[in-house]
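Structure below is upload-v4.tsv: TSV, C-alpha atoms.
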```
chain	number	residue	atom	x	y	z
A	234	MET	CA	115.43	168.90	150.92
A	235	ARG	CA	116.95	166.91	148.07
A	236	ALA	CA	119.96	166.07	150.24
A	237	LEU	CA	117.71	164.57	152.92
A	238	GLN	CA	115.84	162.56	150.31
A	239	ASP	CA	119.14	161.23	148.96
A	240	LEU	CA	120.36	160.44	152.46
A	241	ARG	CA	117.15	158.64	153.33
A	242	HIS	CA	117.55	156.53	150.20
A	243	ILE	CA	121.15	155.67	151.18
A	244	LEU	CA	120.09	154.65	154.69
A	245	LYS	CA	117.24	152.55	153.38
A	246	THR	CA	119.50	150.82	150.86
A	247	ILE	CA	122.30	149.85	153.23
A	248	ALA	CA	119.81	148.75	155.89
A	249	GLN	CA	118.80	145.96	153.49
A	250	ASP	CA	122.30	144.46	153.70
A	251	VAL	CA	123.37	145.02	157.31
A	252	GLU	CA	121.92	145.18	160.79
A	253	VAL	CA	121.37	148.67	162.13
A	254	LEU	CA	121.01	150.01	165.66
A	255	PRO	CA	119.26	153.33	164.97
A	256	ALA	CA	119.64	156.33	167.23
A	257	VAL	CA	116.61	157.13	169.36
A	258	GLY	CA	114.25	159.18	167.23
A	259	GLY	CA	116.28	158.46	164.11
A	260	ALA	CA	118.86	161.24	164.60
A	261	VAL	CA	120.47	162.68	167.72
A	262	GLU	CA	122.11	166.08	167.37
A	263	ASP	CA	125.77	166.19	168.35
A	264	LEU	CA	126.54	169.26	170.43
A	265	GLU	CA	129.68	171.17	169.47
A	266	HIS	CA	132.18	171.56	172.29
A	267	PRO	CA	133.20	175.22	172.70
A	268	ASP	CA	136.76	174.25	173.70
A	269	PHE	CA	137.47	172.34	170.48
A	270	GLU	CA	138.83	175.52	168.88
A	271	GLU	CA	141.48	175.54	171.61
A	272	ARG	CA	142.27	171.86	171.02
A	273	GLU	CA	142.57	172.58	167.30
A	274	ASP	CA	145.02	175.41	167.99
A	275	GLN	CA	147.08	173.03	170.11
A	276	ALA	CA	147.09	170.36	167.39
A	277	LEU	CA	148.11	172.82	164.67
A	278	ASN	CA	150.94	174.13	166.87
A	279	GLU	CA	152.19	170.73	167.99
A	280	GLY	CA	155.97	170.86	168.44
A	281	GLU	CA	156.11	174.60	169.19
A	282	LYS	CA	155.61	175.41	172.87
A	283	VAL	CA	158.22	178.06	173.62
A	284	PHE	CA	158.22	181.26	171.55
A	285	GLU	CA	161.27	183.47	171.95
A	286	THR	CA	161.55	185.29	168.64
A	287	ILE	CA	159.79	188.65	168.42
A	288	PHE	CA	159.17	188.91	164.71
A	289	GLU	CA	158.43	192.56	164.07
A	290	ARG	CA	160.56	195.58	163.30
A	291	ASP	CA	160.08	199.16	164.40
A	292	PRO	CA	162.78	201.57	163.19
A	293	ALA	CA	161.56	204.16	165.71
A	294	ALA	CA	162.17	201.92	168.73
A	295	SER	CA	165.62	201.06	170.06
A	296	ALA	CA	164.34	197.75	171.45
A	297	PRO	CA	161.16	195.72	170.94
A	298	ARG	CA	158.30	196.36	173.36
A	299	LEU	CA	156.25	193.57	174.89
A	300	TYR	CA	153.04	195.66	174.85
A	301	ARG	CA	151.89	198.39	172.47
A	302	PRO	CA	148.76	200.58	172.55
A	303	VAL	CA	146.31	200.02	169.70
A	304	PRO	CA	143.40	202.45	170.19
A	305	PRO	CA	140.48	201.69	167.86
A	306	VAL	CA	140.30	203.27	164.44
A	307	SER	CA	136.69	203.56	163.32
A	308	ARG	CA	135.43	202.48	159.93
A	309	ALA	CA	134.76	206.15	159.06
A	310	GLU	CA	138.47	206.89	159.55
A	311	HIS	CA	139.91	203.78	157.92
A	312	HIS	CA	137.76	201.00	156.47
A	313	LEU	CA	140.37	198.24	156.44
A	314	PHE	CA	138.34	195.04	156.68
A	315	ARG	CA	135.77	194.44	153.94
A	316	TYR	CA	135.33	190.63	153.98
A	317	PHE	CA	134.50	188.31	156.87
A	318	LEU	CA	134.56	184.52	156.66
A	319	ASP	CA	133.21	182.00	159.13
A	320	GLY	CA	131.98	178.43	159.05
A	321	SER	CA	129.57	176.44	161.16
A	322	PHE	CA	127.92	173.05	161.13
A	323	ARG	CA	125.15	170.97	162.62
A	324	SER	CA	125.74	167.24	163.01
A	325	TYR	CA	123.70	164.19	164.01
A	326	PHE	CA	124.40	160.67	165.15
A	327	LEU	CA	122.14	158.40	163.08
A	328	GLY	CA	123.00	155.01	164.52
A	329	THR	CA	125.44	152.10	164.35
A	330	VAL	CA	125.91	149.76	161.41
A	331	LEU	CA	126.59	146.12	162.42
A	332	GLU	CA	128.19	143.93	159.76
A	333	ASN	CA	129.06	140.53	161.20
A	334	GLU	CA	131.93	141.32	163.61
A	335	ARG	CA	132.35	144.83	162.19
A	336	GLU	CA	130.62	147.98	163.37
A	337	SER	CA	130.74	151.69	162.65
A	338	PRO	CA	128.83	154.76	163.83
A	339	VAL	CA	127.05	156.72	161.11
A	340	HIS	CA	126.78	160.51	161.29
A	341	TYR	CA	125.17	163.15	159.11
A	342	ALA	CA	126.29	166.79	159.05
A	343	GLN	CA	125.44	169.99	157.29
A	344	ILE	CA	128.56	172.13	156.95
A	345	GLY	CA	128.36	175.73	155.83
A	346	VAL	CA	130.78	178.58	155.14
A	347	CYS	CA	129.79	182.18	154.51
A	348	VAL	CA	131.70	185.24	153.35
A	349	LEU	CA	130.14	188.60	154.14
A	350	THR	CA	131.22	191.83	152.49
A	351	ARG	CA	130.72	195.23	154.12
A	352	LYS	CA	130.05	198.50	152.35
A	353	ASP	CA	131.29	201.93	153.43
A	354	ASP	CA	127.95	202.68	155.11
A	355	GLY	CA	128.40	199.63	157.38
A	356	SER	CA	125.75	197.44	155.75
A	357	VAL	CA	126.74	193.83	155.06
A	358	ARG	CA	125.60	191.31	152.48
A	359	ARG	CA	126.40	187.74	151.60
A	360	GLU	CA	129.22	187.54	149.10
A	361	MET	CA	129.39	183.74	149.07
A	362	LEU	CA	127.55	181.00	150.92
A	363	ARG	CA	127.97	177.26	150.51
A	364	VAL	CA	126.41	174.39	152.44
A	365	ASP	CA	127.60	170.79	152.02
A	366	ASN	CA	125.74	167.68	153.17
A	367	VAL	CA	128.05	165.03	154.58
A	368	LEU	CA	127.61	161.38	155.55
A	369	LEU	CA	130.32	159.99	157.83
A	370	ALA	CA	131.23	156.37	158.55
A	371	GLY	CA	134.39	154.38	159.27
A	372	LYS	CA	135.84	152.81	156.13
A	373	GLN	CA	138.21	150.59	158.09
A	374	ARG	CA	135.34	149.36	160.25
A	375	LEU	CA	133.26	148.14	157.29
A	376	SER	CA	133.78	145.62	154.51
A	377	GLU	CA	135.16	146.77	151.17
A	378	THR	CA	131.88	145.74	149.54
A	379	LEU	CA	129.73	147.87	151.82
A	380	TRP	CA	132.04	150.90	151.57
A	381	ALA	CA	132.09	150.64	147.76
A	382	LYS	CA	128.31	150.61	147.84
A	383	LEU	CA	128.23	153.72	150.01
A	384	GLU	CA	130.63	155.47	147.62
A	385	ARG	CA	128.45	154.58	144.64
A	386	LEU	CA	125.28	155.81	146.34
A	387	ALA	CA	126.97	159.06	147.41
A	388	ARG	CA	128.32	159.78	143.91
A	389	ASN	CA	124.78	159.67	142.55
A	390	SER	CA	123.41	162.00	145.22
A	391	ALA	CA	123.86	165.42	146.81
A	392	ILE	CA	125.75	163.77	149.69
A	393	LYS	CA	129.51	163.78	150.29
A	394	LEU	CA	130.89	160.63	151.92
A	395	VAL	CA	133.65	161.12	154.52
A	396	ASP	CA	135.76	158.40	156.13
A	397	LEU	CA	135.88	158.71	159.93
A	398	THR	CA	139.02	156.58	160.10
A	399	GLU	CA	141.09	158.68	157.68
A	400	LYS	CA	143.89	160.53	159.48
A	401	ASP	CA	143.93	164.33	159.63
A	402	ILE	CA	145.53	166.98	161.81
A	403	ILE	CA	142.33	168.06	163.60
A	404	SER	CA	140.50	164.82	164.41
A	405	GLY	CA	143.90	163.27	165.12
A	406	VAL	CA	143.79	164.80	168.61
A	407	LEU	CA	140.97	162.36	169.42
A	408	SER	CA	141.18	158.62	169.96
A	409	ASP	CA	140.62	156.29	167.00
A	410	PHE	CA	138.89	153.87	169.36
A	411	ASP	CA	135.71	155.92	169.79
A	412	LEU	CA	134.73	156.97	166.28
A	413	ARG	CA	131.52	158.55	167.47
A	414	ASN	CA	133.50	160.96	169.62
A	415	LYS	CA	135.94	161.52	166.75
A	416	ALA	CA	133.18	162.59	164.37
A	417	GLY	CA	133.20	166.15	165.72
A	418	GLY	CA	136.87	166.58	164.81
A	419	LYS	CA	136.40	165.06	161.37
A	420	ILE	CA	133.44	167.35	160.68
A	421	ARG	CA	135.48	170.35	161.80
A	422	TYR	CA	138.34	169.27	159.49
A	423	THR	CA	135.88	169.04	156.58
A	424	MET	CA	134.60	172.53	157.43
A	425	ARG	CA	138.12	173.99	157.49
A	426	THR	CA	138.79	172.40	154.09
A	427	LEU	CA	135.68	174.12	152.74
A	428	GLU	CA	136.90	177.40	154.25
A	429	ALA	CA	140.18	176.97	152.36
A	430	GLU	CA	138.22	176.66	149.09
A	431	MET	CA	136.26	179.83	149.87
A	432	ILE	CA	139.45	181.75	150.68
A	433	ALA	CA	140.92	180.73	147.32
A	434	ALA	CA	137.83	182.13	145.60
A	435	ILE	CA	137.95	185.42	147.52
A	436	LEU	CA	141.70	186.13	147.34
A	437	PRO	CA	141.58	187.85	143.90
A	438	ARG	CA	139.09	190.38	145.30
A	439	LEU	CA	141.33	191.51	148.17
A	440	ALA	CA	143.64	194.52	148.27
A	441	ALA	CA	145.64	196.46	150.85
A	442	GLU	CA	142.51	198.43	151.78
A	443	ARG	CA	140.16	195.47	151.29
A	444	ARG	CA	141.35	192.83	153.75
A	445	MET	CA	139.55	189.78	155.10
A	446	ILE	CA	139.11	188.36	158.60
A	447	LEU	CA	138.90	184.58	158.93
A	448	ASP	CA	137.45	183.15	162.13
A	449	GLY	CA	140.07	180.62	163.24
A	450	SER	CA	143.70	179.79	162.69
A	451	LEU	CA	145.70	180.23	159.48
A	452	LEU	CA	147.93	177.30	160.44
A	453	PHE	CA	145.49	174.77	158.92
A	454	ASN	CA	147.66	173.50	156.10
A	455	PRO	CA	145.52	174.03	152.96
A	456	ILE	CA	144.93	177.61	154.11
A	457	LEU	CA	148.55	178.36	155.05
A	458	THR	CA	149.89	176.80	151.85
A	459	GLN	CA	147.79	178.97	149.55
A	460	LEU	CA	148.44	182.16	151.56
A	461	SER	CA	152.20	181.49	151.66
A	462	GLY	CA	152.29	181.14	147.89
A	463	SER	CA	150.18	184.19	147.08
A	464	ASP	CA	150.97	187.88	146.69
A	465	CYS	CA	147.75	188.44	148.65
A	466	GLY	CA	148.89	186.24	151.55
A	467	GLN	CA	149.05	189.10	154.06
A	468	LEU	CA	145.57	190.35	153.19
A	469	VAL	CA	143.88	187.61	155.24
A	470	ILE	CA	144.18	187.54	159.01
A	471	GLY	CA	143.05	184.74	161.29
A	472	VAL	CA	141.36	185.63	164.57
A	473	SER	CA	140.77	183.00	167.27
A	474	LYS	CA	138.47	183.53	170.25
A	475	ASN	CA	139.70	180.34	171.96
A	476	PHE	CA	143.38	179.40	171.84
A	477	ARG	CA	145.88	177.09	173.50
A	478	LYS	CA	146.84	177.78	177.10
A	479	ASP	CA	150.21	175.98	177.29
A	480	PRO	CA	152.73	178.15	175.36
A	481	GLN	CA	155.60	179.97	177.06
A	482	PHE	CA	157.04	183.28	175.85
A	483	VAL	CA	160.60	184.54	176.31
A	484	PHE	CA	161.17	188.30	176.24
A	485	GLY	CA	164.68	189.72	176.17
A	486	ARG	CA	168.07	188.08	175.83
A	487	GLY	CA	170.83	186.82	178.06
A	488	PRO	CA	170.59	186.71	181.87
A	489	ARG	CA	167.82	189.34	181.87
A	490	ALA	CA	165.53	187.32	179.63
A	491	GLU	CA	162.06	186.95	181.12
A	492	ARG	CA	159.90	183.85	180.64
A	493	ARG	CA	156.12	184.21	180.82
A	494	SER	CA	153.21	181.81	180.52
A	495	VAL	CA	150.33	182.90	178.31
A	496	TYR	CA	148.35	183.66	181.49
A	497	LYS	CA	151.03	186.04	182.77
A	498	LEU	CA	151.49	187.57	179.32
A	499	LEU	CA	147.78	188.35	178.99
A	500	ALA	CA	147.13	189.27	182.62
A	501	ASP	CA	149.39	192.32	182.13
A	502	LEU	CA	147.85	193.19	178.75
A	503	GLN	CA	145.71	196.30	179.05
A	504	ALA	CA	142.54	197.02	177.08
A	505	GLU	CA	143.16	198.35	173.56
A	506	HIS	CA	146.73	197.07	173.65
A	507	ARG	CA	148.50	194.26	171.87
A	508	THR	CA	151.42	192.04	172.66
A	509	ALA	CA	154.58	191.86	170.58
A	510	ALA	CA	154.32	189.62	167.51
A	511	PHE	CA	156.00	186.23	167.72
A	512	SER	CA	157.18	183.86	165.02
A	513	ALA	CA	155.59	180.47	164.29
A	514	ARG	CA	156.52	177.83	161.72
A	515	GLY	CA	159.94	179.36	161.15
A	516	GLY	CA	158.52	182.79	160.36
A	517	LYS	CA	155.82	181.61	157.94
A	518	VAL	CA	153.24	183.02	160.36
A	519	VAL	CA	153.44	185.81	162.92
A	520	PHE	CA	150.93	185.98	165.75
A	521	TRP	CA	150.07	188.27	168.63
A	522	TYR	CA	147.26	188.91	171.10
A	523	VAL	CA	144.90	191.90	171.31
A	524	ARG	CA	142.77	192.78	174.32
A	525	LEU	CA	139.43	194.05	173.08
A	526	ARG	CA	137.84	194.79	176.46
A	527	GLU	CA	138.63	195.92	179.99
A	528	GLN	CA	139.12	193.09	182.46
A	529	THR	CA	136.91	194.78	185.06
A	530	HIS	CA	133.76	192.75	184.43
A	531	LEU	CA	135.34	189.61	182.99
A	532	ASP	CA	135.92	186.36	184.86
A	533	TYR	CA	139.61	185.74	184.14
A	534	PRO	CA	142.52	187.33	182.22
A	535	LEU	CA	142.10	185.37	178.99
A	536	MET	CA	138.57	186.65	178.40
A	537	GLY	CA	138.24	189.65	176.10
A	538	VAL	CA	141.43	188.68	174.22
A	539	VAL	CA	141.80	187.38	170.67
A	540	LYS	CA	144.77	185.68	169.07
A	541	VAL	CA	145.66	187.19	165.69
A	542	GLU	CA	147.64	185.44	162.95
A	543	LEU	CA	149.15	186.86	159.78
A	544	ALA	CA	150.72	184.80	157.01
A	545	ASN	CA	154.24	185.94	156.23
A	546	PRO	CA	155.38	184.71	152.78
A	547	SER	CA	158.69	186.63	152.96
A	548	GLN	CA	159.57	185.05	156.34
A	549	GLU	CA	161.13	188.38	157.29
A	550	PRO	CA	160.15	190.41	160.41
A	551	VAL	CA	156.88	192.27	159.82
A	552	PRO	CA	156.72	196.09	160.20
A	553	SER	CA	155.27	197.08	163.57
A	554	ASP	CA	153.19	199.78	161.85
A	555	LEU	CA	151.33	197.13	159.85
A	556	ILE	CA	150.62	195.04	162.96
A	557	ASP	CA	149.43	198.19	164.77
A	558	GLU	CA	147.17	199.11	161.85
A	559	ILE	CA	145.56	195.66	161.80
A	560	SER	CA	145.17	195.62	165.60
A	561	ARG	CA	143.59	199.08	165.77
A	562	ALA	CA	141.04	198.16	163.12
A	563	LEU	CA	140.33	194.90	164.98
A	564	THR	CA	139.76	196.72	168.27
A	565	ALA	CA	137.07	198.79	166.57
A	566	GLU	CA	135.29	195.63	165.37
A	567	ARG	CA	134.36	194.59	168.93
A	568	SER	CA	131.09	196.53	168.77
A	569	VAL	CA	128.23	195.67	168.55
A	570	THR	CA	128.62	192.56	170.68
A	571	PRO	CA	126.07	189.69	170.79
A	572	HIS	CA	125.90	189.65	174.59
A	573	GLY	CA	123.64	186.89	175.87
A	574	GLN	CA	123.54	185.07	172.53
A	575	ASP	CA	126.94	183.42	172.64
A	576	ARG	CA	129.17	182.44	175.54
A	577	ARG	CA	132.14	183.83	173.57
A	578	TRP	CA	130.60	187.32	173.44
A	579	HIS	CA	133.63	188.93	175.12
A	580	ALA	CA	135.89	188.03	172.16
A	581	HIS	CA	133.42	188.26	169.29
A	582	LEU	CA	133.94	190.47	166.29
A	583	TYR	CA	130.46	191.48	165.24
A	584	PRO	CA	130.76	190.89	161.45
A	585	ILE	CA	132.11	187.39	162.18
A	586	PHE	CA	129.11	186.80	164.43
A	587	LEU	CA	126.85	187.83	161.54
A	588	ALA	CA	128.65	185.46	159.13
A	589	GLU	CA	128.23	182.57	161.57
A	590	ARG	CA	124.56	183.38	162.03
A	591	ALA	CA	124.05	183.51	158.26
A	592	VAL	CA	125.40	179.96	158.02
A	593	LYS	CA	123.26	178.67	160.88
A	594	GLU	CA	120.14	180.19	159.38
A	595	SER	CA	120.87	178.27	156.15
A	596	LEU	CA	121.08	174.88	157.88
A	597	LEU	CA	118.10	172.60	158.32
A	598	SER	CA	116.49	172.60	161.73
A	599	ARG	CA	116.96	169.71	164.14
A	600	GLU	CA	113.22	168.97	163.93
A	601	ALA	CA	113.30	168.71	160.11
A	602	VAL	CA	116.24	166.31	160.14
A	603	GLN	CA	114.79	164.12	162.89
A	604	GLN	CA	111.43	163.88	161.15
A	605	PHE	CA	112.93	163.07	157.76
A	606	LEU	CA	115.71	160.62	158.62
A	607	LYS	CA	114.48	157.19	159.61
A	608	TRP	CA	116.27	153.94	158.91
A	609	ARG	CA	112.96	152.21	158.25
```
Take the structure I supplied and represent it as structure tokens, if you would.
Amino acid sequence: MRALQDLRHILKTIAQDVEVLPAVGGAVEDLEHPDFEEREDQALNEGEKVFETIFERDPAASAPRLYRPVPPVSRAEHHLFRYFLDGSFRSYFLGTVLENERESPVHYAQIGVCVLTRKDDGSVRREMLRVDNVLLAGKQRLSETLWAKLERLARNSAIKLVDLTEKDIISGVLSDFDLRNKAGGKIRYTMRTLEAEMIAAILPRLAAERRMILDGSLLFNPILTQLSGSDCGQLVIGVSKNFRKDPQFVFGRGPRAERRSVYKLLADLQAEHRTAAFSARGGKVVFWYVRLREQTHLDYPLMGVVKVELANPSQEPVPSDLIDEISRALTAERSVTPHGQDRRWHAHLYPIFLAERAVKESLLSREAVQQFLKWR
């Protein structure tokens, strides 16, 4: 509760200098939009919309195949993934600061990242867990004097101050005009930065038979940079449950080349199969799609599919056997599924679900925050 005490002191102090329009009840929880992961994928892939380079090699095949079977390999047969990383957050709109003709929304967020490790018997435990307390306001919407005061108060507290108006790749997809709406993207960017720090700490513990799954894209620059420069770069895979819907894929060459939308590509993807791996960022990353579940009881073709990314420091085509090995182990991770507890149940990997839940259980409840945070 120290963070809330520090935050309450900061709010009380700045309210002595400026006019404040507090949120009703002192703090209103911001609800996370489930499609923001897709918008993030689109922002990170800006500039690449047509993928025509299949970036895998299979000496046993005369020509690349668009689809390959990847039947699940159980943990008892091959325990490939040992670490699972996910982040989550809970954020609140606290009110609006009015400073003469200037104004800025003020938000508070708890951002957490957890790494779980799994033993051979299937039991999991927390390897690392970190929760940061963040205060967000718009530096360019406030006077230099008030911002300097906020910085000084934050330095002497358990609170991290974040500028809502600072440019970044994730919140950049949202308008600068409505900073309150932009707060969700800025908080997500801060969470991804924390994930990058956790990956750096875990990398020395990884090995070919001790790989890690990250929930989300590897294309976030701090993450991609450290994986591209590490001998362990291919030991972390990124798995996205929601992904962009606008890319086009070209299969084949010359007049017989076939162009497919992602909908067409995945509509023909059978359960326990994967697509061919395509190149992104000039070969720095390869990505493909895996269908975890039959389409029979799902609403549309993109459900039950995950997008998988693998850093590729060599920038050479990746062996098909390695992609198959990763995909088969992933297919086995689909059970047990948290049906009824998350709208993304059809694409959840259960250990990732457990990591996310571990973070959420470490965050303060909405009731505690609303009772504690009052401007006056």
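Residue nearest Gln548 in chain A within the list A:Arg561, A:Arg388, A:Lys478, A:Lys517: A:Lys517 [criterion: smallest interatomic distance, only C-alpha atoms].
For the atom pair formed by CA of Leu499 in chain A and CA of Val472 in chain A, the distance is 16.0 Å, given to one decimal.
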Long-range neighbours of range 591-600 of chain A as a VMD selection string, 9 Å cut-off, all atoms listed in the file, 5 positions minimum in chain:
chain A and resid 234 260 to 262 319 to 323 325 343 to 347 349 359 362 to 364 586 605
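The coordinates place CA of Arg443 in chain A at 5.2 Å from CA of Arg315 in chain A.
Distances to Tyr300 in chain A were evaluated for A:Glu491, A:Asp396, A:Glu566, A:Asp501 using only C-alpha atoms, and the minimum falls at A:Asp501.
With CA of Leu313 in chain A on one side and CA of Ile432 in chain A on the other, the separation reads 17.5 Å.
Minimum atom-to-atom distances from A:Gln481, A:Thr426, A:Ser376, A:Ser461 to Arg514 in chain A were compared using only C-alpha atoms, and the lowest value belongs to A:Ser461.
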Just the residues within 12 Å of Ile420 in chain A, please, counting only C-alpha atoms, with nothing from its chain fewer than 5 positions along; format it as an MDAnalysis selection string.
chainID A and resid 263 265 269 320:325 340:345 365:370 393:397 399 401 403:404 412:415 425:427
Fewer than 5 positions away in the same chain doesn't count, so skip those; otherwise give me all residues within 9 Å of Val519 in chain A, counting all atoms listed in the file, as number ranges by chain.
A: 287-289, 510-514, 541-545, 550-551
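Checking A:Glu428, A:Glu270, A:Glu281, A:Glu332 one by one against Gln249 in chain A, counting only C-alpha atoms, you find the shortest gap at A:Glu332.
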Tell me, as a list of chain:residue names, which residues lie within 9 Å of Leu436 in chain A, counting all atoms listed in the file; anything in the same chain fewer than 6 positions away does not count.
A:Met445, A:Leu460, A:Ser463, A:Cys465, A:Gly466, A:Leu468, A:Val469
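Nearest to Ala509 in chain A of all the residues A:Pro255, A:Pro292, A:Gly487, A:Pro552 is A:Pro552, based on all atoms listed in the file.
Using only C-alpha atoms, the nearest neighbour of Leu375 in chain A within the list A:Thr398, A:Gln603, A:Ser450, A:Asn278 is A:Thr398.
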